[in-house]
Structure formats: C-alpha cells, structure tokens
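In what follows, a structure is listed as structure tokens, so that the remarks can point back to it.
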Amino acid sequence: MKKDNCTAMLVGKDASIDGSTMIARDEDGYGGINEKLFVVNPARHYDEDYVSKYNGFKMHLEGDGCKWTAAPTADDSEGRWDEQGINEYNVAMSATETEATNARCLGHDPLVKDGINEDSMVYITLPFVKTAREGVLRLGRLIEKYGTGESNGIAFSDNKEVWYLETGAGHQWVAARVPDDSYAICPNIMVIQHVDFDDPDNFMYSEGIQEFVAKNHLNNSTDGSFSFRDIFGTKDEADAFYNTPRTWYGQKLFNPSIEQDPTSQEMPFTRVPEKKISVEDVQKFLTSHYNGTPYDPMDTFSSGSEKEQKMFRSIALDRNQESSILQIRNDVPAAMAGIQWINMGFYAYSPYVPFYTNIEDTPLNYKVAEHTVDPDSSAYWLYKTLQVLVEPRYHQYIYEVNAYRDDCQSYAVGRVDEIDAKVKDLEGTELIKYLTNANDQTAGVITKKTKNLMSNLVREALNSSKYQFERGDNL
C-alpha cells in the first residue's frame, strides 16, 4: 500500500509570534521520488461521480466549490493526492499524517478497502467549507458514511481555530481543537488523548463512538476517562523509535526546560511554548534531523555513537518530497491573509518559498514535474537535484547551504512585507492578478539563487575531486 510517512506541526494564534494560525506538514513519500506540483483549482460547480484511481472509492460530489490551492502528485494515474492547501475562505487543510489503529479495534470495525483515503480527502472537502470547524464535520461525516481504508490524522485551520482530526478503525473518529496558546507535534502515531464529550467547543467525534467503545470493552481506563490514543492507538516498540522521538525533539525545541524520554509514549498532545513561535521556528523543526543531539544521523555537532545516530527516524530524510506551512494571518486583510510556504526536495537543503493563495495561477516551474529529471523547467526536480549534489559532500557544503537558506528566508520575509505594502489598496481581480504575478517573481528570484548555489557546488566538487594526478605525485 502506498503511504506517506509524514511529520506535522500545528500552532494556535496566541502561540505564534504574529497572531497567525499555522498548520504545517512534511509530505514524505514511500520512496526517494514522488514528483510534486503546486497548483490552484478554480471555483466551479461540482456535479460528478468521483472515483478514486487509487482504491476505487466512489461518491457523488455535488455543490458549488470555491477556489483552492493544492500540492498534488504530478502523475495522477494512482490518484490525486492533493495533500495540502488553502481555499478562498482562508480555510487550510493538510491530509494526512499516516497513523495506525490497534488490532483489537480493527477486529470490531475493520478498515474499508474502498473507503475515503488520503488521496481523496482534500478534493472532497476543501472546496466546500468556509471554516475549519466545517471542514472537520464534513470529512468526519463522510468517513462515518463511507468508511476509510487507513488510519490518519488530518489538520484544519482558519484565522481563529486549529483542529486535528484522527480516524480510528473503519468509521470512528475524533477531533480536538488545539488551544490558541499552544502547539502540537504530530508524527505517524495517534496523538489525541482525553476527549471531553461535553465540550463541543473543543471536541468533535463520530456518532456512536462512545457506544462502540463501551459495547466492545475497548476502554481500559480505571477512572472512566476516554483517551483516543490509548483506546485506538498502537503504542508498540516501533512507535517508540519511529514516531515519539520526533515529538520529543519538537517539544525539546519549544519547551527546552522540560526533560522527557525520546521513546516515551505519554508525551502530551499539546504544550504551551516557552516563547512565541515564528514561521522560521516551524521551518527549523520541519527540516531538522535531531540537530545538536547524539541522535543526529548527519553527525553534526554531536558526540553520538554510530548506533545512536541510526536509532531514531529523522524528520529530514531521503524520502522528503514536499513540505507546506499553511499560514493564515490576522494582521492583514482577509484577501491577502493566506500564505502557503512550500519547500521541495530534501528539506534540510531547500528553502521555503512564500506563495499567496488568493491567486489565479501558480508559477510555471511549480506546475511541471515529468518523470525525466529537468531542473530547468521543474521546481521539484531543481530541489531534488540540489539534494543529489549536497548529500555525498554534506560536511563540505552544509555551511554554504545554510547561508543560502538564510539568504532565501530573509528575501522571503522582506518580499512578503513588500507585497503587503503594495496591495493594501487593491481589491478583487486586480488584487488577485497582482498576487499571482508577485508569486511568479518570488519564485523566479529564489530559483535563480538556487541555480547559483548549485553552480558553485558543482565547481567546488570539480576542483576538489580525489581523482587528480599531477606530474611527480608518484615520487
């Protein structure tokens, strides 16, 4: 089965440095190559019998749908895989974080082979919702009706709220609202803990889930509490080494005063950060590889043994494909509030590029990713090629790569300031056209910076080749 083993981070508006909400996720493929695009889908009326090319899921899709961005797979022969985007109502959705349900729950409610899976979730949800809460309810009710063939975590946000929905077994789900002053780290494991069924402002859930758990004797709590993680999750040895260390490292970054075991499966779903969280902080986590700890597989500024460096699943790894930070801002007009920060390739080497989402089209090189490697026409292949250049000479190149990434981020921050100032008096189609052209220019500048870096790295490699021989070298 094709799966994306990803890492996500969610940030409430009072936890962020600028009052924005952020849901962010690294999309890591099942192999080293999974060509990705960045596109915008126009508003239209839907009246179609949708059939998933991946698993055969079917439903009649009908209604007026709004405009929305997405990061689909270039080759749609095995499904859409739209993954993550922001619609014209500034609702963001990221689907999905691959998870697992334990055998006991699956015995009572098996996964549905042709149910709603990751490849279809964004397409059947994001065009039709005006708030994050609506997104949760729409997808949740559809899963109750059609079932799902996977266990997943799905993030939703608007300018006010951040929600995380988790599916367990074939038809069960819960969703928890991330407190405004908090953040959450979500690896490939169920993370939602206590569910308060008497608090509709902060929890939503599938109809009959309490009866399902009670009937099948699934809750082993001694105090009557309902922990979705404990009831439906796996919590096995593989989770302790593949999943929980990523939560540990994220919480170590944002709550450094708290000591935790990297393999603990009791780390909380959300925490209040010790300092406000910026876009750069989210980027730092999503591109990390246990930097500064013995578990860093890159062996950078660490004293870890070879065993320790290979002990935990890194966030930055060769299966990285596309990462998006979906930011909904509250300090600008709604028509320019949504920004999708996109990183392609190996996240630790590539920059995040800020794209406004109230647009009519995306940059040309983000709409192309053929099977043939072509870094000139395709942003995906540009950054994948950068990965190939850096990886064999990581320690030789990494300082230059980090300087390039910092330069791109400084440019990106200034670019957002510049665009915000220039469009403050624009509205409607005039604003949309300006933001579309501005995105093209932003992509063009960072693409040029990337090609300049790659040129420098190639020249350095040629000048430092070990296969050189001068007259007299054998003397």
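Scheme for the structure tokens: letters A, B, ... for chains in order shown; per-chain residue numbers from 1; ligand numbers from 1 in order shown.
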message: Quick one: residues within 9 Å of range 327-339 of chain A, only C-alpha atoms, excluding same-chain residues fewer than 5 positions away - as an NGL selection string?
response: :A and (13 or 18-24 or 86-92 or 157-160 or 279 or 354-358 or 420 or 423-424 or 427-428 or 431-432 or 435)
- request: Could you give me, as JSON, numbers by chain, the residues within 12 Å of Leu142 in chain A, counting only C-alpha atoms and dropping anything in the same chain fewer than 3 positions from it?
  value: {"A": [57, 58, 59, 60, 61, 115, 116, 117, 120, 121, 124, 125, 135, 136, 137, 138, 139, 145, 146, 147, 148, 167, 170, 171, 172, 173, 206, 207]}
- request: Find the residues near Leu364 in chain A: any atom within 9 Å, counting only C-alpha atoms, skip ones fewer than 5 places away on the same chain, and give them as an MDAnalysis selection string.
  value: chainID A and resid 377:379 440
message: So that I can see what lies close to Lys284 in chain A, please list as a ChimeraX atom specification the residues with an atom at most 10 Å from it, counting only C-alpha atoms and leaving out residues fewer than 3 positions away in the same chain.
response: /A:250,253,278-281,287-289,291,347-348
Could you save the residues just selected, with N, CA, C and O atoms, as a compact mmCIF listing (two decimals), in the first residue's frame?
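Just written: result-v2.txt:
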```
# COMPACT_ATOMS: atom_id res chain seq x y z
N GLY A 250 10.62 18.03 18.85
CA GLY A 250 9.84 19.25 18.69
C GLY A 250 9.56 19.92 20.02
O GLY A 250 9.72 21.14 20.17
N LEU A 253 12.60 21.62 21.37
CA LEU A 253 12.87 22.92 20.77
C LEU A 253 12.03 24.03 21.40
O LEU A 253 12.52 25.14 21.63
N SER A 278 7.54 31.41 15.52
CA SER A 278 7.54 32.08 14.23
C SER A 278 7.52 31.07 13.09
O SER A 278 7.69 29.86 13.31
N VAL A 279 7.34 31.56 11.87
CA VAL A 279 7.44 30.69 10.69
C VAL A 279 8.81 30.03 10.65
O VAL A 279 8.93 28.84 10.34
N GLU A 280 9.84 30.79 10.99
CA GLU A 280 11.20 30.24 10.98
C GLU A 280 11.35 29.11 11.98
O GLU A 280 12.07 28.14 11.72
N ASP A 281 10.67 29.20 13.12
CA ASP A 281 10.72 28.12 14.11
C ASP A 281 10.08 26.84 13.57
O ASP A 281 10.59 25.73 13.77
N THR A 287 12.59 20.82 9.16
CA THR A 287 13.79 20.49 8.39
C THR A 287 14.86 19.86 9.27
O THR A 287 16.00 19.68 8.83
N SER A 288 14.52 19.48 10.47
CA SER A 288 15.52 19.05 11.45
C SER A 288 15.87 17.57 11.32
O SER A 288 15.15 16.79 10.69
N HIS A 289 16.99 17.21 11.95
CA HIS A 289 17.45 15.82 11.98
C HIS A 289 18.12 15.55 13.33
O HIS A 289 19.24 15.05 13.39
N ASN A 291 19.25 17.76 15.31
CA ASN A 291 20.43 18.61 15.37
C ASN A 291 20.84 18.86 16.81
O ASN A 291 20.00 19.15 17.67
N TYR A 347 14.39 18.62 2.75
CA TYR A 347 14.01 19.85 3.45
C TYR A 347 15.18 20.58 4.11
O TYR A 347 15.16 21.81 4.23
N ALA A 348 16.20 19.86 4.54
CA ALA A 348 17.32 20.49 5.23
C ALA A 348 18.23 21.26 4.27
O ALA A 348 19.09 22.02 4.71
```
